[in-house]
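Just start-v8.cif here, mmCIF, C-alpha atoms:
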```cif
data_start
#
loop_
_atom_site.group_PDB
_atom_site.id
_atom_site.type_symbol
_atom_site.label_atom_id
_atom_site.label_comp_id
_atom_site.auth_asym_id
_atom_site.auth_seq_id
_atom_site.Cartn_x
_atom_site.Cartn_y
_atom_site.Cartn_z
ATOM 1 C CA MET A 1282 31.791 164.807 -12.803
ATOM 2 C CA HIS A 1283 30.978 168.431 -12.667
ATOM 3 C CA ARG A 1284 31.258 168.725 -16.508
ATOM 4 C CA ILE A 1285 29.008 165.715 -17.010
ATOM 5 C CA ALA A 1286 26.406 167.318 -14.833
ATOM 6 C CA VAL A 1287 26.474 170.415 -17.011
ATOM 7 C CA VAL A 1288 25.971 168.396 -20.192
ATOM 8 C CA LEU A 1289 23.122 166.421 -18.718
ATOM 9 C CA LEU A 1290 21.519 169.680 -17.714
ATOM 10 C CA LEU A 1291 21.746 170.864 -21.319
ATOM 11 C CA CYS A 1292 20.197 167.620 -22.498
ATOM 12 C CA TRP A 1293 17.258 168.299 -20.256
ATOM 13 C CA ALA A 1294 16.895 171.985 -21.026
ATOM 14 C CA LEU A 1295 17.459 172.344 -24.750
ATOM 15 C CA PRO A 1296 14.567 170.238 -26.051
ATOM 16 C CA SER A 1297 12.061 172.018 -23.881
ATOM 17 C CA ALA A 1298 13.292 175.432 -24.989
ATOM 18 C CA TRP A 1299 13.714 174.813 -28.730
ATOM 19 C CA ALA A 1300 11.528 171.908 -29.686
ATOM 20 C CA ALA A 1301 8.189 173.657 -29.785
ATOM 21 C CA ASP A 1302 6.105 172.609 -32.733
ATOM 22 C CA ILE A 1303 3.977 174.944 -34.854
ATOM 23 C CA SER A 1304 1.311 174.193 -37.389
ATOM 24 C CA VAL A 1305 -0.980 176.384 -39.434
ATOM 25 C CA VAL A 1306 -4.244 175.546 -41.114
ATOM 26 C CA GLY A 1307 -5.910 177.810 -43.631
ATOM 27 C CA ASN A 1308 -4.663 179.376 -46.821
ATOM 28 C CA TRP A 1309 -6.184 182.517 -48.249
ATOM 29 C CA THR A 1310 -7.343 182.721 -51.822
ATOM 30 C CA GLU A 1311 -8.971 185.958 -52.929
ATOM 31 C CA LEU A 1312 -10.719 186.614 -56.203
ATOM 32 C CA VAL A 1313 -10.393 190.223 -57.307
ATOM 33 C CA ASP A 1314 -12.740 191.444 -60.014
ATOM 34 C CA GLN A 1315 -14.938 194.394 -60.953
ATOM 35 C CA ASN A 1316 -16.905 193.951 -57.752
ATOM 36 C CA ASP A 1317 -13.807 195.079 -55.869
ATOM 37 C CA LEU A 1318 -13.802 198.508 -57.500
ATOM 38 C CA VAL A 1319 -14.461 201.225 -54.957
ATOM 39 C CA ALA A 1320 -17.185 202.896 -57.026
ATOM 40 C CA GLY A 1321 -17.466 201.155 -60.364
ATOM 41 C CA ALA A 1322 -16.039 202.512 -63.592
ATOM 42 C CA GLY A 1323 -13.466 205.211 -63.084
ATOM 43 C CA SER A 1324 -12.462 204.008 -59.642
ATOM 44 C CA ASP A 1325 -9.627 201.826 -58.464
ATOM 45 C CA LEU A 1326 -9.631 198.603 -56.483
ATOM 46 C CA ARG A 1327 -10.559 198.864 -52.835
ATOM 47 C CA SER A 1328 -7.694 198.801 -50.414
ATOM 48 C CA PRO A 1329 -6.995 197.235 -48.054
ATOM 49 C CA ILE A 1330 -8.466 193.850 -48.793
ATOM 50 C CA GLU A 1331 -8.796 191.812 -45.624
ATOM 51 C CA SER A 1332 -9.405 188.154 -45.073
ATOM 52 C CA ALA A 1333 -11.883 186.771 -42.590
ATOM 53 C CA ALA A 1334 -10.883 187.342 -38.982
ATOM 54 C CA ALA A 1335 -10.233 183.640 -38.555
ATOM 55 C CA GLN A 1336 -8.686 182.971 -41.942
ATOM 56 C CA ALA A 1337 -5.932 180.807 -40.507
ATOM 57 C CA THR A 1338 -5.353 178.997 -37.244
ATOM 58 C CA LEU A 1339 -2.038 178.382 -35.548
ATOM 59 C CA ASP A 1340 -1.294 175.665 -33.017
ATOM 60 C CA ILE A 1341 1.818 175.643 -30.880
ATOM 61 C CA SER A 1342 2.673 172.448 -29.097
ATOM 62 C CA ALA A 1343 5.499 170.481 -27.504
ATOM 63 C CA THR A 1344 6.569 173.527 -25.544
ATOM 64 C CA ALA A 1345 6.906 171.702 -22.227
ATOM 65 C CA GLY A 1346 5.508 174.831 -20.684
ATOM 66 C CA GLY A 1347 8.408 176.948 -21.851
ATOM 67 C CA ASN A 1348 8.448 180.381 -23.413
ATOM 68 C CA TRP A 1349 8.313 180.759 -27.180
ATOM 69 C CA THR A 1350 8.222 183.369 -29.873
ATOM 70 C CA VAL A 1351 6.522 183.156 -33.245
ATOM 71 C CA LYS A 1352 8.361 184.857 -36.062
ATOM 72 C CA VAL A 1353 6.936 185.419 -39.491
ATOM 73 C CA SER A 1354 8.228 186.258 -42.943
ATOM 74 C CA LYS A 1355 7.021 185.985 -46.498
ATOM 75 C CA SER A 1356 8.487 184.763 -49.719
ATOM 76 C CA ASP A 1357 6.886 186.099 -52.872
ATOM 77 C CA LEU A 1358 6.261 183.549 -55.565
ATOM 78 C CA HIS A 1359 4.714 186.109 -57.881
ATOM 79 C CA TRP A 1360 3.554 189.290 -56.276
ATOM 80 C CA PRO A 1361 2.779 192.707 -57.761
ATOM 81 C CA ALA A 1362 5.187 195.495 -56.949
ATOM 82 C CA GLY A 1363 4.039 197.981 -54.359
ATOM 83 C CA VAL A 1364 1.532 195.653 -52.762
ATOM 84 C CA SER A 1365 2.087 195.040 -49.062
ATOM 85 C CA PHE A 1366 0.961 192.118 -47.008
ATOM 86 C CA ALA A 1367 0.253 192.020 -43.295
ATOM 87 C CA VAL A 1368 -0.927 189.598 -40.640
ATOM 88 C CA ARG A 1369 -2.298 189.919 -37.141
ATOM 89 C CA ARG A 1370 -3.542 187.703 -34.365
ATOM 90 C CA THR A 1371 -7.283 187.914 -33.723
ATOM 91 C CA SER A 1372 -7.604 185.471 -30.852
ATOM 92 C CA ASP A 1373 -5.569 184.162 -27.978
ATOM 93 C CA GLY A 1374 -6.349 180.555 -28.696
ATOM 94 C CA SER A 1375 -6.584 178.268 -25.718
ATOM 95 C CA GLY A 1376 -4.311 176.178 -23.590
ATOM 96 C CA SER A 1377 -1.835 176.510 -20.823
ATOM 97 C CA GLY A 1378 0.466 179.471 -20.440
ATOM 98 C CA GLY A 1379 -0.208 182.793 -22.090
ATOM 99 C CA ILE A 1380 0.131 184.797 -25.250
ATOM 100 C CA SER A 1381 0.887 188.424 -25.963
ATOM 101 C CA GLY A 1382 1.490 190.799 -28.835
ATOM 102 C CA GLY A 1383 0.586 190.504 -32.490
ATOM 103 C CA THR A 1384 -2.877 191.995 -32.318
ATOM 104 C CA THR A 1385 -2.050 194.852 -34.676
ATOM 105 C CA TYR A 1386 -1.146 194.223 -38.277
ATOM 106 C CA LEU A 1387 2.494 193.476 -38.958
ATOM 107 C CA ALA A 1388 3.655 194.226 -42.489
ATOM 108 C CA LEU A 1389 5.590 191.236 -43.737
ATOM 109 C CA SER A 1390 8.862 191.154 -45.587
ATOM 110 C CA GLY A 1391 11.457 188.601 -46.491
ATOM 111 C CA THR A 1392 13.087 189.156 -43.121
ATOM 112 C CA GLU A 1393 11.718 187.389 -40.078
ATOM 113 C CA GLN A 1394 9.911 189.564 -37.566
ATOM 114 C CA VAL A 1395 8.386 188.760 -34.211
ATOM 115 C CA LEU A 1396 4.626 188.377 -34.525
ATOM 116 C CA PHE A 1397 3.774 187.385 -30.975
ATOM 117 C CA SER A 1398 5.109 185.431 -28.053
ATOM 118 C CA GLY A 1399 3.848 183.315 -25.231
ATOM 119 C CA SER A 1400 4.367 180.260 -23.123
ATOM 120 C CA GLY A 1401 3.039 176.748 -22.960
ATOM 121 C CA ASP A 1402 1.029 174.867 -25.534
ATOM 122 C CA ARG A 1403 -1.711 176.857 -27.239
ATOM 123 C CA SER A 1404 -4.105 175.951 -29.972
ATOM 124 C CA GLY A 1405 -6.626 177.751 -32.118
ATOM 125 C CA ILE A 1406 -4.745 181.018 -32.398
ATOM 126 C CA GLN A 1407 -6.634 182.791 -35.159
ATOM 127 C CA LEU A 1408 -4.972 184.957 -37.754
ATOM 128 C CA GLN A 1409 -6.254 187.610 -40.122
ATOM 129 C CA LEU A 1410 -4.447 188.641 -43.288
ATOM 130 C CA LYS A 1411 -4.504 191.887 -45.190
ATOM 131 C CA THR A 1412 -3.095 193.297 -48.378
ATOM 132 C CA GLU A 1413 -2.782 196.924 -49.344
ATOM 133 C CA GLY A 1414 -1.923 198.722 -52.518
ATOM 134 C CA LEU A 1415 -3.471 196.413 -55.071
ATOM 135 C CA ALA A 1416 -4.497 198.602 -57.999
ATOM 136 C CA VAL A 1417 -5.716 198.280 -61.549
ATOM 137 C CA GLY A 1418 -2.121 198.778 -62.589
ATOM 138 C CA ALA A 1419 -1.615 195.126 -61.663
ATOM 139 C CA ALA A 1420 -2.417 193.074 -64.735
ATOM 140 C CA PRO A 1421 -4.859 190.176 -64.510
ATOM 141 C CA ASP A 1422 -2.921 187.239 -63.134
ATOM 142 C CA ASN A 1423 -2.512 184.891 -60.214
ATOM 143 C CA TYR A 1424 -0.350 186.381 -57.499
ATOM 144 C CA SER A 1425 1.021 184.275 -54.669
ATOM 145 C CA THR A 1426 3.169 184.673 -51.610
ATOM 146 C CA THR A 1427 4.146 182.092 -49.028
ATOM 147 C CA ILE A 1428 4.050 183.038 -45.383
ATOM 148 C CA SER A 1429 6.369 181.195 -43.007
ATOM 149 C CA TYR A 1430 5.679 181.014 -39.302
ATOM 150 C CA ARG A 1431 8.535 179.832 -37.136
ATOM 151 C CA VAL A 1432 8.452 179.185 -33.427
ATOM 152 C CA GLU A 1433 11.541 179.353 -31.295
ATOM 153 C CA MET B 158 50.034 156.323 -10.931
ATOM 154 C CA ASP B 159 47.908 159.106 -9.853
ATOM 155 C CA ASN B 160 48.805 161.027 -12.928
ATOM 156 C CA LYS B 161 48.017 158.070 -15.252
ATOM 157 C CA PHE B 162 44.685 157.489 -13.571
ATOM 158 C CA ALA B 163 43.930 161.105 -13.913
ATOM 159 C CA VAL B 164 44.565 160.976 -17.667
ATOM 160 C CA ILE B 165 42.367 157.924 -18.159
ATOM 161 C CA LYS B 166 39.649 159.518 -16.140
ATOM 162 C CA GLY B 167 39.926 162.617 -18.229
ATOM 163 C CA GLN B 168 39.608 160.682 -21.513
ATOM 164 C CA TYR B 169 36.652 158.753 -20.242
ATOM 165 C CA THR B 170 34.970 161.939 -19.209
ATOM 166 C CA GLY B 171 35.587 163.487 -22.620
ATOM 167 C CA LYS B 172 33.885 160.579 -24.420
ATOM 168 C CA MET B 173 30.910 160.854 -22.175
ATOM 169 C CA LEU B 174 30.736 164.545 -22.798
ATOM 170 C CA ALA B 175 30.864 164.035 -26.543
ATOM 171 C CA ALA B 176 28.259 161.300 -26.463
ATOM 172 C CA ALA B 177 25.965 163.237 -24.224
ATOM 173 C CA LEU B 178 26.343 166.383 -26.280
ATOM 174 C CA GLY B 179 25.703 164.424 -29.446
ATOM 175 C CA VAL B 180 22.515 163.029 -28.008
ATOM 176 C CA ALA B 181 21.497 166.488 -26.918
ATOM 177 C CA LEU B 182 22.104 168.043 -30.323
ATOM 178 C CA ALA B 183 20.396 165.179 -32.089
ATOM 179 C CA MET B 184 17.347 165.603 -29.915
ATOM 180 C CA THR B 185 17.121 169.321 -30.323
ATOM 181 C CA GLY B 186 18.006 169.274 -33.988
ATOM 182 C CA PHE B 187 15.417 166.666 -34.801
ATOM 183 C CA SER B 188 12.676 168.473 -32.963
ATOM 184 C CA ALA B 189 13.422 171.816 -34.570
ATOM 185 C CA ALA B 190 13.529 170.421 -38.082
ATOM 186 C CA ALA B 191 10.365 168.444 -37.537
ATOM 187 C CA GLY B 192 8.013 171.223 -36.746
ATOM 188 C CA SER B 193 9.351 174.629 -35.823
ATOM 189 C CA THR B 194 8.176 176.205 -39.092
ATOM 190 C CA ALA B 195 4.762 176.215 -40.718
ATOM 191 C CA THR B 196 3.821 177.823 -43.991
ATOM 192 C CA GLN B 197 0.690 178.972 -45.723
ATOM 193 C CA THR B 198 0.122 180.300 -49.198
ATOM 194 C CA THR B 199 -1.873 183.343 -50.088
ATOM 195 C CA THR B 200 -3.101 183.692 -53.619
ATOM 196 C CA TYR B 201 -4.876 186.467 -55.414
ATOM 197 C CA GLU B 202 -6.542 185.915 -58.700
ATOM 198 C CA VAL B 203 -6.973 189.291 -60.315
ATOM 199 C CA GLN B 204 -9.438 188.925 -63.115
ATOM 200 C CA ALA B 205 -9.743 191.135 -66.157
ATOM 201 C CA ILE B 206 -11.581 194.309 -65.229
ATOM 202 C CA ASN B 207 -13.068 196.525 -67.931
ATOM 203 C CA GLU B 208 -15.682 198.945 -66.698
ATOM 204 C CA LEU B 209 -17.068 201.888 -68.605
ATOM 205 C CA SER B 210 -19.883 204.243 -67.697
ATOM 206 C CA VAL B 211 -21.354 207.537 -68.838
ATOM 207 C CA SER B 212 -22.784 210.249 -66.641
ATOM 208 C CA GLY B 213 -26.136 210.370 -68.355
ATOM 209 C CA ASN B 214 -27.876 211.438 -71.523
ATOM 210 C CA PRO B 215 -26.938 214.585 -73.406
ATOM 211 C CA ALA B 216 -29.478 217.319 -73.979
ATOM 212 C CA ALA B 217 -31.567 217.101 -77.105
ATOM 213 C CA LEU B 218 -29.653 218.282 -80.145
ATOM 214 C CA THR B 219 -31.703 220.432 -82.422
ATOM 215 C CA VAL B 220 -30.590 221.923 -85.710
ATOM 216 C CA SER B 221 -32.778 224.912 -86.211
ATOM 217 C CA SER B 222 -30.867 227.768 -87.734
ATOM 218 C CA ALA B 223 -28.629 228.650 -90.583
ATOM 219 C CA THR B 224 -26.791 231.516 -92.072
ATOM 220 C CA ALA B 225 -28.216 232.474 -95.396
ATOM 221 C CA GLY B 226 -26.211 230.848 -98.109
ATOM 222 C CA SER B 227 -24.681 228.236 -95.781
ATOM 223 C CA ALA B 228 -25.661 224.810 -94.515
ATOM 224 C CA PRO B 229 -27.707 224.661 -91.304
ATOM 225 C CA ASN B 230 -25.704 225.399 -88.184
ATOM 226 C CA ALA B 231 -24.361 222.349 -86.415
ATOM 227 C CA VAL B 232 -24.994 222.028 -82.712
ATOM 228 C CA SER B 233 -23.131 220.258 -79.958
ATOM 229 C CA ASP B 234 -23.452 219.078 -76.398
ATOM 230 C CA THR B 235 -20.722 218.723 -73.821
ATOM 231 C CA SER B 236 -22.822 217.989 -70.775
ATOM 232 C CA THR B 237 -21.849 214.374 -70.318
ATOM 233 C CA THR B 238 -18.707 212.560 -69.275
ATOM 234 C CA TYR B 239 -17.446 209.041 -69.130
ATOM 235 C CA ALA B 240 -15.461 206.989 -66.631
ATOM 236 C CA ILE B 241 -13.280 204.023 -67.327
ATOM 237 C CA THR B 242 -11.384 201.407 -65.362
ATOM 238 C CA THR B 243 -9.302 198.709 -66.954
ATOM 239 C CA ASN B 244 -6.477 196.568 -65.685
ATOM 240 C CA GLN B 245 -5.584 195.277 -69.121
ATOM 241 C CA THR B 246 -3.274 196.569 -71.794
ATOM 242 C CA ASN B 247 -3.968 198.031 -75.196
ATOM 243 C CA LYS B 248 -7.713 198.381 -74.947
ATOM 244 C CA LYS B 249 -9.917 200.672 -76.992
ATOM 245 C CA ILE B 250 -13.357 202.229 -76.810
ATOM 246 C CA THR B 251 -15.680 201.851 -79.723
ATOM 247 C CA ALA B 252 -18.963 203.659 -80.337
ATOM 248 C CA ALA B 253 -21.998 202.819 -82.430
ATOM 249 C CA ILE B 254 -25.631 203.869 -82.684
ATOM 250 C CA ASN B 255 -28.512 201.452 -82.766
ATOM 251 C CA THR B 256 -29.828 202.490 -86.163
ATOM 252 C CA ALA B 257 -28.525 204.533 -89.027
ATOM 253 C CA MET B 258 -29.077 208.267 -89.118
ATOM 254 C CA PRO B 259 -31.453 209.738 -91.673
ATOM 255 C CA SER B 260 -29.945 210.775 -94.965
ATOM 256 C CA GLY B 261 -28.157 214.101 -94.687
ATOM 257 C CA VAL B 262 -28.058 214.103 -90.896
ATOM 258 C CA THR B 263 -24.818 213.352 -89.093
ATOM 259 C CA LEU B 264 -24.301 212.564 -85.430
ATOM 260 C CA THR B 265 -20.736 212.716 -84.180
ATOM 261 C CA VAL B 266 -19.000 212.035 -80.912
ATOM 262 C CA SER B 267 -15.616 212.899 -79.507
ATOM 263 C CA LEU B 268 -14.219 211.472 -76.307
ATOM 264 C CA ALA B 269 -11.588 213.155 -74.179
ATOM 265 C CA THR B 270 -8.290 211.318 -74.065
ATOM 266 C CA PRO B 271 -7.550 209.240 -70.979
ATOM 267 C CA THR B 272 -3.964 209.179 -69.770
ATOM 268 C CA GLY B 273 -1.788 207.284 -72.197
ATOM 269 C CA GLY B 274 -4.561 206.750 -74.706
ATOM 270 C CA THR B 275 -5.321 208.346 -78.035
ATOM 271 C CA SER B 276 -8.629 209.939 -78.930
ATOM 272 C CA ALA B 277 -9.841 209.586 -82.486
ATOM 273 C CA GLY B 278 -11.351 213.044 -82.214
ATOM 274 C CA THR B 279 -14.666 213.802 -83.845
ATOM 275 C CA THR B 280 -16.043 210.545 -85.184
ATOM 276 C CA THR B 281 -19.210 210.000 -87.190
ATOM 277 C CA LEU B 282 -21.530 207.555 -85.513
ATOM 278 C CA THR B 283 -23.049 204.752 -87.543
ATOM 279 C CA ALA B 284 -24.514 201.382 -86.772
ATOM 280 C CA THR B 285 -21.039 199.952 -87.199
ATOM 281 C CA ALA B 286 -18.738 200.320 -84.213
ATOM 282 C CA ALA B 287 -15.969 202.851 -84.719
ATOM 283 C CA ASP B 288 -12.873 203.369 -82.613
ATOM 284 C CA VAL B 289 -13.136 206.546 -80.568
ATOM 285 C CA VAL B 290 -10.260 205.999 -78.119
ATOM 286 C CA THR B 291 -7.351 203.610 -78.532
ATOM 287 C CA GLY B 292 -4.225 202.571 -76.628
ATOM 288 C CA ILE B 293 -5.761 202.385 -73.175
ATOM 289 C CA THR B 294 -3.725 200.525 -70.590
ATOM 290 C CA GLY B 295 -4.244 199.924 -66.879
ATOM 291 C CA LEU B 296 -5.995 203.016 -65.623
ATOM 292 C CA ASN B 297 -8.984 204.357 -63.791
ATOM 293 C CA GLU B 298 -10.199 207.812 -64.715
ATOM 294 C CA SER B 299 -13.479 209.636 -64.581
ATOM 295 C CA SER B 300 -15.081 212.924 -65.618
ATOM 296 C CA LEU B 301 -13.641 212.561 -69.097
ATOM 297 C CA GLY B 302 -15.604 214.734 -71.475
ATOM 298 C CA ILE B 303 -17.909 213.560 -74.225
ATOM 299 C CA THR B 304 -18.838 215.926 -77.024
ATOM 300 C CA TYR B 305 -21.788 215.132 -79.263
ATOM 301 C CA GLY B 306 -22.392 216.985 -82.481
ATOM 302 C CA LEU B 307 -25.348 217.058 -84.835
ATOM 303 C CA SER B 308 -25.322 218.516 -88.293
ATOM 304 C CA ALA B 309 -27.622 218.371 -91.256
ATOM 305 C CA THR B 310 -27.435 219.331 -94.871
ATOM 306 C CA SER B 311 -30.037 221.540 -96.447
ATOM 307 C CA ALA B 312 -31.051 218.591 -98.561
ATOM 308 C CA ALA B 313 -31.985 216.616 -95.449
ATOM 309 C CA GLY B 314 -35.040 218.771 -95.127
ATOM 310 C CA VAL B 315 -37.135 218.665 -92.004
ATOM 311 C CA VAL B 316 -36.429 215.574 -89.969
ATOM 312 C CA ALA B 317 -38.706 214.412 -87.218
ATOM 313 C CA SER B 318 -37.313 214.176 -83.711
ATOM 314 C CA ALA B 319 -35.764 210.843 -82.950
ATOM 315 C CA SER B 320 -33.581 209.245 -80.337
ATOM 316 C CA LYS B 321 -30.487 207.184 -80.863
ATOM 317 C CA THR B 322 -28.823 204.867 -78.437
ATOM 318 C CA VAL B 323 -25.075 205.222 -78.451
ATOM 319 C CA THR B 324 -23.212 202.175 -77.243
ATOM 320 C CA PHE B 325 -19.664 202.521 -75.997
ATOM 321 C CA THR B 326 -17.680 199.340 -75.643
ATOM 322 C CA ILE B 327 -14.262 198.506 -74.283
ATOM 323 C CA ALA B 328 -12.640 196.130 -76.712
ATOM 324 C CA ASP B 329 -9.266 194.600 -77.406
ATOM 325 C CA GLY B 330 -6.874 196.241 -79.730
ATOM 326 C CA GLY B 331 -6.159 199.761 -80.692
ATOM 327 C CA VAL B 332 -3.117 201.645 -81.870
#
```
As structure tokens, the full file:
Amino acid sequence: MHRIAVVLLLCWALPSAWAADISVVGNWTELVDQNDLVAGAGSDLRSPIESAAAQATLDISATAGGNWTVKVSKSDLHWPAGVSFAVRRTSDGSGSGGISGGTTYLALSGTEQVLFSGSGDRSGIQLQLKTEGLAVGAAPDNYSTTISYRVE
Amino acid sequence: MDNKFAVIKGQYTGKMLAAALGVALAMTGFSAAAGSTATQTTTYEVQAINELSVSGNPAALTVSSATAGSAPNAVSDTSTTYAITTNQTNKKITAAINTAMPSGVTLTVSLATPTGGTSAGTTTLTATAADVVTGITGLNESSLGITYGLSATSAAGVVASASKTVTFTIADGGV
């Protein structure tokens, strides 16, 4: 009876701790041309290049009021060497619970890193993206990277 | 009897544990797979960039002296520079003047070599574009020297002052 009670307790606790849902709206497409040169002919591309402050919006739901952490990583589809990519949180969003961390740029890699954490359902968490190191050495092309946000 | 009952009770408890745990894992597993990760794609389109500029106009070039027995002395100007940015490969700079020079008068130009490129050296300017730098790939450099030269033969005689527009163009090709 005692063991059954433990299992039932797990049944109750696990979904609320792990089942949080996350969604993101807003991709970032940037056109880089001669207007992005720092000072015209003879100069290089400006760096960093930042997106709008509210380029993307994250919603976190189904938290049952529990604590959660958002981790982020990127997977380059076709990305120029030496060019970094970073993301930061520019708003707290709204909802129950709280949110902390992630307000300074976090340089992304293929390894998951903690972006920010919080508790309870929150919506409208705004994100800003930034790239650094893009130079005229990068040939004309389309460069893409996929950013993955995971809540746990 | 007590022992047998105890065994049955234990088996029954084990099945319940397994069933309950299965339900628990199914619930948590389903929820995590359904929405614990969200992705977005960031795309840059880097367009072809080919920018070229010059620092200004050179001083007037005047041929006005000669050594007895020789052709008039050529003159030159090195007061101007150019700047270039390109993110493409194997580009070249061509130069041309808007109208032909008078007979016996020659205007030349020489551009300093940007990193990795090849300067054609002193090149006579005509109304037809001529390559002055070739093999330019993915660079941004400035303050690269331009040298203009003007020479005239004795047979050219006295030529009235005139202005020429020199057009530099970044074009495909080279080397």
- To one decimal in Å, tell me the separation between CA of Val1364 in chain A and CA of Ile1330 in chain A.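 It comes out at 10.9 Å.
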- Message: Excluding Ala312 in chain B and its own-chain neighbours fewer than 2 positions away, which residues fall within 12 Å of it when counting only C-alpha atoms? Please give them as a list in words.
- Response: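 Residues near the query, excluding close chain neighbours: Ser227, Ala228, Pro229, Pro259, Ser260, Gly261, Val262, Ser308, Ala309, Thr310, Gly314, Val315 and Val316 of chain B.
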- Message: Please check the contacts: residues of chain B at most 6 Å away from chain A, using all atoms listed in the file, listed as a ChimeraX atom specification.
- Response: /B:181,185,188-189,192-206,208-210,240-242,244-245,295,297-299
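From CA of Ala286 in chain B back to CA of Val220 in chain B, the distance works out to 24.7 Å.
One finds CA of Gly1401 in chain A at 5.5 Å from CA of Gly1347 in chain A.
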